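target_39.cif, holding mmCIF, C-alpha atoms:
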```cif
data_coords
loop_
_atom_site.label_atom_id
_atom_site.label_comp_id
_atom_site.auth_asym_id
_atom_site.auth_seq_id
_atom_site.Cartn_x
_atom_site.Cartn_y
_atom_site.Cartn_z
CA MET A 1 -19.35 53.88 5.86
CA ILE A 2 -16.80 53.52 8.69
CA GLU A 3 -14.22 50.73 8.95
CA PHE A 4 -11.48 50.03 11.49
CA HIS A 5 -9.03 47.30 10.49
CA ASN A 6 -6.70 46.17 13.31
CA VAL A 7 -6.33 49.77 14.46
CA SER A 8 -4.05 50.81 17.30
CA LYS A 9 -3.17 54.23 18.67
CA GLN A 10 -0.10 54.62 20.84
CA TYR A 11 0.97 57.99 22.23
CA SER A 12 4.11 56.68 23.90
CA SER A 13 5.68 53.37 24.91
CA ASP A 14 3.50 53.24 28.02
CA ALA A 15 0.40 55.04 26.75
CA THR A 16 -1.76 52.97 24.39
CA ALA A 17 -5.20 54.46 23.69
CA LEU A 18 -6.52 51.78 21.30
CA SER A 19 -5.33 48.31 20.39
CA GLY A 20 -6.45 45.89 17.68
CA ILE A 21 -9.78 47.55 16.91
CA GLU A 22 -11.91 45.78 14.29
CA LEU A 23 -15.15 47.62 13.60
CA THR A 24 -17.59 48.28 10.77
CA VAL A 25 -20.42 50.82 10.94
CA GLY A 26 -22.93 50.84 8.11
CA LYS A 27 -24.78 53.77 6.62
CA GLY A 28 -27.64 54.95 8.82
CA GLU A 29 -26.61 53.01 11.94
CA LEU A 30 -26.93 54.36 15.48
CA VAL A 31 -24.02 53.03 17.54
CA TYR A 32 -23.17 53.73 21.17
CA LEU A 33 -19.64 53.57 22.56
CA ALA A 34 -19.54 52.50 26.19
CA GLY A 35 -16.74 52.11 28.70
CA PRO A 36 -15.04 53.87 31.61
CA SER A 37 -13.03 57.06 31.29
CA GLY A 38 -9.77 56.31 29.50
CA ALA A 39 -11.21 53.33 27.65
CA GLY A 40 -10.50 54.89 24.25
CA LYS A 41 -13.95 56.15 23.26
CA SER A 42 -12.84 59.72 22.52
CA THR A 43 -9.77 58.57 20.62
CA LEU A 44 -11.90 56.31 18.41
CA LEU A 45 -14.24 59.18 17.54
CA LYS A 46 -11.32 61.55 16.91
CA MET A 47 -9.81 59.06 14.45
CA ILE A 48 -12.98 59.11 12.36
CA ALA A 49 -12.66 62.91 12.16
CA ALA A 50 -8.89 62.74 11.42
CA ILE A 51 -8.17 64.65 14.63
CA GLU A 52 -6.01 61.65 15.52
CA ARG A 53 -4.27 59.26 13.11
CA PRO A 54 -3.76 55.53 13.72
CA SER A 55 -0.34 54.29 14.82
CA ALA A 56 -1.12 50.98 13.10
CA GLY A 57 -3.94 49.58 11.00
CA ARG A 58 -6.39 51.40 8.73
CA VAL A 59 -9.38 53.66 9.37
CA LEU A 60 -11.66 54.17 6.38
CA VAL A 61 -14.42 56.80 6.28
CA ASN A 62 -16.52 56.82 3.14
CA GLY A 63 -13.66 54.98 1.47
CA HIS A 64 -11.03 57.54 2.50
CA ASP A 65 -8.02 56.18 4.38
CA ILE A 66 -7.61 58.49 7.38
CA GLY A 67 -3.94 57.64 7.75
CA LYS A 68 -3.22 58.82 4.21
CA ILE A 69 -5.32 61.98 4.05
CA LYS A 70 -3.13 65.04 3.65
CA ARG A 71 -3.67 68.07 5.87
CA ALA A 72 -5.32 69.96 2.99
CA GLY A 73 -7.88 67.19 2.56
CA VAL A 74 -9.08 67.11 6.17
CA PRO A 75 -11.57 70.02 5.84
CA PHE A 76 -13.24 68.24 2.92
CA LEU A 77 -13.59 65.06 4.99
CA ARG A 78 -15.12 67.00 7.88
CA ARG A 79 -17.75 68.63 5.69
CA ASN A 80 -19.55 65.28 5.85
CA LEU A 81 -19.14 65.05 9.63
CA GLY A 82 -21.01 66.68 12.50
CA LEU A 83 -18.84 66.89 15.62
CA ILE A 84 -20.31 67.29 19.11
CA PHE A 85 -18.11 67.32 22.20
CA GLN A 86 -18.67 67.84 25.94
CA GLN A 87 -17.17 71.31 25.66
CA GLN A 88 -19.38 72.99 23.10
CA CYS A 89 -16.84 75.77 22.33
CA LEU A 90 -19.64 78.19 21.51
CA LEU A 91 -18.49 81.77 20.97
CA ALA A 92 -19.79 83.67 23.99
CA ASP A 93 -19.80 87.07 22.27
CA ARG A 94 -21.90 85.92 19.30
CA SER A 95 -25.57 85.06 19.17
CA VAL A 96 -26.82 81.50 19.02
CA LEU A 97 -27.73 82.10 15.37
CA ALA A 98 -24.25 83.41 14.54
CA ASN A 99 -22.65 80.37 16.20
CA VAL A 100 -24.71 77.99 14.10
CA MET A 101 -24.07 79.95 10.89
CA LEU A 102 -20.29 79.83 11.33
CA PRO A 103 -19.53 76.38 9.79
CA LEU A 104 -21.29 77.42 6.58
CA LEU A 105 -19.66 80.85 6.40
CA VAL A 106 -16.15 79.41 6.71
CA THR A 107 -16.83 77.11 3.74
CA GLY A 108 -17.91 80.03 1.55
CA ALA A 109 -21.71 79.99 1.85
CA SER A 110 -23.49 83.30 1.47
CA LYS A 111 -24.74 85.00 4.62
CA ALA A 112 -28.33 84.63 3.44
CA LEU A 113 -27.99 80.88 2.86
CA ALA A 114 -26.10 80.38 6.12
CA GLU A 115 -28.81 82.18 8.08
CA GLN A 116 -31.60 80.23 6.37
CA ARG A 117 -29.94 76.88 7.09
CA ALA A 118 -28.99 77.91 10.65
CA ARG A 119 -32.57 78.88 11.46
CA ALA A 120 -33.77 75.55 10.08
CA ALA A 121 -31.23 73.67 12.21
CA LEU A 122 -32.23 75.56 15.35
CA ASP A 123 -35.87 74.84 14.61
CA LYS A 124 -35.07 71.10 14.43
CA VAL A 125 -33.59 71.16 17.94
CA GLY A 126 -36.41 73.34 19.31
CA LEU A 127 -34.39 76.51 19.84
CA LEU A 128 -35.40 78.84 17.03
CA GLU A 129 -36.96 81.26 19.53
CA ARG A 130 -33.53 81.52 21.24
CA ALA A 131 -31.71 82.42 18.01
CA LEU A 132 -30.75 85.96 18.97
CA ARG A 133 -29.69 85.23 22.54
CA LEU A 134 -26.10 84.81 23.66
CA PRO A 135 -25.05 81.24 24.58
CA LEU A 136 -24.47 82.09 28.25
CA ALA A 137 -28.13 83.06 28.55
CA LEU A 138 -29.08 79.43 27.85
CA SER A 139 -29.10 76.40 30.12
CA GLY A 140 -26.46 73.68 29.76
CA GLY A 141 -28.90 71.45 27.91
CA GLU A 142 -29.89 74.25 25.56
CA GLN A 143 -26.23 75.03 24.85
CA GLN A 144 -25.64 71.39 23.95
CA ARG A 145 -28.63 71.49 21.58
CA VAL A 146 -27.11 74.59 19.97
CA ALA A 147 -23.93 72.54 19.49
CA ILE A 148 -26.02 69.85 17.79
CA ALA A 149 -27.61 72.45 15.50
CA ARG A 150 -24.14 73.73 14.59
CA ALA A 151 -22.99 70.17 13.93
CA ILE A 152 -25.85 69.37 11.54
CA VAL A 153 -26.15 72.72 9.75
CA ASN A 154 -23.91 71.44 6.95
CA ARG A 155 -26.17 68.35 6.60
CA PRO A 156 -23.50 65.76 7.50
CA GLN A 157 -23.66 62.08 6.64
CA ILE A 158 -22.14 61.15 10.01
CA ILE A 159 -22.59 62.63 13.50
CA LEU A 160 -19.92 61.95 16.14
CA ALA A 161 -21.03 62.83 19.67
CA ASP A 162 -18.57 62.46 22.55
CA GLU A 163 -20.43 62.28 25.88
CA PRO A 164 -23.04 64.81 24.68
CA THR A 165 -25.15 64.40 27.85
CA ALA A 166 -22.34 64.62 30.41
CA ASN A 167 -23.20 66.88 33.35
CA LEU A 168 -26.80 67.36 32.18
CA ASP A 169 -29.88 66.57 34.23
CA ARG A 170 -32.16 63.76 33.06
CA ALA A 171 -34.64 66.01 31.28
CA SER A 172 -31.93 67.94 29.42
CA ALA A 173 -30.10 64.72 28.54
CA ASN A 174 -33.28 63.28 27.07
CA GLN A 175 -33.79 66.39 24.93
CA VAL A 176 -30.24 66.12 23.57
CA LEU A 177 -30.60 62.41 22.81
CA ASP A 178 -34.01 62.93 21.22
CA ALA A 179 -32.47 65.55 18.92
CA LEU A 180 -29.73 63.12 17.87
CA LYS A 181 -32.25 60.33 17.29
CA THR A 182 -34.26 62.66 15.05
CA PHE A 183 -31.31 62.96 12.68
CA HIS A 184 -30.66 59.23 12.84
CA SER A 185 -34.29 58.63 11.86
CA VAL A 186 -33.72 60.37 8.52
CA GLY A 187 -30.65 58.29 7.67
CA VAL A 188 -27.73 60.05 9.37
CA THR A 189 -25.12 57.66 10.78
CA CYS A 190 -24.59 58.41 14.48
CA LEU A 191 -21.84 57.33 16.88
CA ILE A 192 -22.40 58.41 20.47
CA SER A 193 -20.09 57.78 23.41
CA THR A 194 -21.91 57.74 26.75
CA HIS A 195 -21.92 56.61 30.36
CA ASP A 196 -25.72 56.79 30.37
CA GLU A 197 -26.79 53.30 31.43
CA GLN A 198 -30.45 54.16 30.88
CA GLU A 199 -29.74 54.93 27.24
CA LEU A 200 -27.55 51.86 26.75
CA ASP A 201 -30.29 49.58 28.05
CA THR A 202 -32.47 50.39 25.04
CA ALA A 203 -29.72 50.73 22.41
CA ALA A 204 -29.75 48.43 19.38
CA ARG A 205 -25.94 48.36 19.15
CA VAL A 206 -23.34 49.09 21.78
CA ILE A 207 -19.55 48.89 21.37
CA HIS A 208 -17.88 48.22 24.74
CA LEU A 209 -14.30 49.41 25.24
CA GLU A 210 -11.92 48.73 28.12
CA HIS A 211 -8.27 49.75 28.21
CA GLY A 212 -8.38 50.50 24.50
CA ARG A 213 -9.78 47.14 23.44
CA MET A 214 -13.22 46.00 22.32
CA VAL A 215 -14.67 43.58 24.86
CA ALA A 216 -17.61 41.19 25.08
CA GLY A 217 -20.90 42.69 23.97
CA ALA A 218 -19.33 44.60 21.10
CA PRO A 219 -20.61 43.14 17.81
CA ALA A 220 -18.28 43.82 14.90
#
```
Would it be possible to restate this file's structure as structure tokens?
Amino acid sequence: MIEFHNVSKQYSSDATALSGIELTVGKGELVYLAGPSGAGKSTLLKMIAAIERPSAGRVLVNGHDIGKIKRAGVPFLRRNLGLIFQQQCLLADRSVLANVMLPLLVTGASKALAEQRARAALDKVGLLERALRLPLALSGGEQQRVAIARAIVNRPQIILADEPTANLDRASANQVLDALKTFHSVGVTCLISTHDEQELDTAARVIHLEHGRMVAGAPA
């Protein structure tokens, strides 16, 4: 489902984010990306979403070569992706329900369908009763679960989560990770970057990055 073939990303002559990445992720896998800040975890996830393009090598997502996708084709690629970042970018002046409906509305879904699917997504992350509240009325962990609901409302094949538990307490972090694992359990491919050693200890597959390179403990 996801392939990196000798991929490098260089922003300038002295700023290399990734170098020589060889990686294959199969359908339905749950993969963690580990490594210190600046190791290249975010860049790797952004390449899968075509937010960044490789400087060298090939990135394939569902058979599509990210380096060759034209700008007009990027929205179609992302319809199969659920993106979750540390900064949830929830719209503060819109209800939780409206925030989750938005990805469907911008792709042309009817308001009725968008609301039905958004309510179902909020129910899956345990926040349906918060649907009409504003995001700022929720805790940090609840806001991150809203971001997860928004990411999965279009029923993606792949979820990309960049440090989704950063700055959350243990209980809130566990709720966020449990929500992600629920989607993985029904066949969604998940890539999660994290510093959470407790989570890494029990992970089936961990990709370790340092200075933009895969290091020991990173099965290809």
For the PyMOL selection byres ((chain A and resi 197) around 12), applied here, can you spell out every residue it catches as number ranges by chain? A: 32-36, 165, 170, 193-196, 198-203, 206
Kindly resolve the PyMOL selection byres ((chain A and resi 78) around 12) on the present coordinates and return the residues as a short mmCIF file (atom, residue, chain, number, x, y, z; two decimals) with C-alpha atoms, in the frame of the given file.
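Written file, result-v4.cif:
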```cif
data_model
loop_
_atom_site.label_atom_id
_atom_site.label_comp_id
_atom_site.auth_asym_id
_atom_site.auth_seq_id
_atom_site.Cartn_x
_atom_site.Cartn_y
_atom_site.Cartn_z
CA LYS A 46 -11.32 61.55 16.91
CA MET A 47 -9.81 59.06 14.45
CA ILE A 48 -12.98 59.11 12.36
CA ALA A 49 -12.66 62.91 12.16
CA ALA A 50 -8.89 62.74 11.42
CA ILE A 51 -8.17 64.65 14.63
CA VAL A 61 -14.42 56.80 6.28
CA ASN A 62 -16.52 56.82 3.14
CA HIS A 64 -11.03 57.54 2.50
CA ILE A 66 -7.61 58.49 7.38
CA ILE A 69 -5.32 61.98 4.05
CA ARG A 71 -3.67 68.07 5.87
CA ALA A 72 -5.32 69.96 2.99
CA GLY A 73 -7.88 67.19 2.56
CA VAL A 74 -9.08 67.11 6.17
CA PRO A 75 -11.57 70.02 5.84
CA PHE A 76 -13.24 68.24 2.92
CA LEU A 77 -13.59 65.06 4.99
CA ARG A 79 -17.75 68.63 5.69
CA ASN A 80 -19.55 65.28 5.85
CA LEU A 81 -19.14 65.05 9.63
CA GLY A 82 -21.01 66.68 12.50
CA LEU A 83 -18.84 66.89 15.62
CA PRO A 103 -19.53 76.38 9.79
CA THR A 107 -16.83 77.11 3.74
CA ALA A 151 -22.99 70.17 13.93
CA ILE A 152 -25.85 69.37 11.54
CA ASN A 154 -23.91 71.44 6.95
CA ARG A 155 -26.17 68.35 6.60
CA PRO A 156 -23.50 65.76 7.50
CA GLN A 157 -23.66 62.08 6.64
CA ILE A 158 -22.14 61.15 10.01
CA ILE A 159 -22.59 62.63 13.50
CA LEU A 160 -19.92 61.95 16.14
#
```
Two-atom distance - CA of Ser110 (chain A), CA of Arg133 (chain A) (Å): 22.0 Å
For the point (-25.8, 65.6, 31.8) in the file's frame, write as a count of residues only all residues with an atom no more than 10 Å away, counting only C-alpha atoms. 19
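Applied to this file, the PyMOL selection byres ((chain A and resi 1-12) around 6) selects the residues A:Ser13, A:Asp14, A:Ala15, A:Thr16, A:Ala17, A:Leu18, A:Ser19, A:Gly20, A:Ile21, A:Glu22, A:Leu23, A:Thr24, A:Val25, A:Gly26, A:Lys27, A:Pro54, A:Ser55, A:Ala56, A:Gly57, A:Arg58, A:Val59, A:Leu60, A:Val61, A:Asn62.
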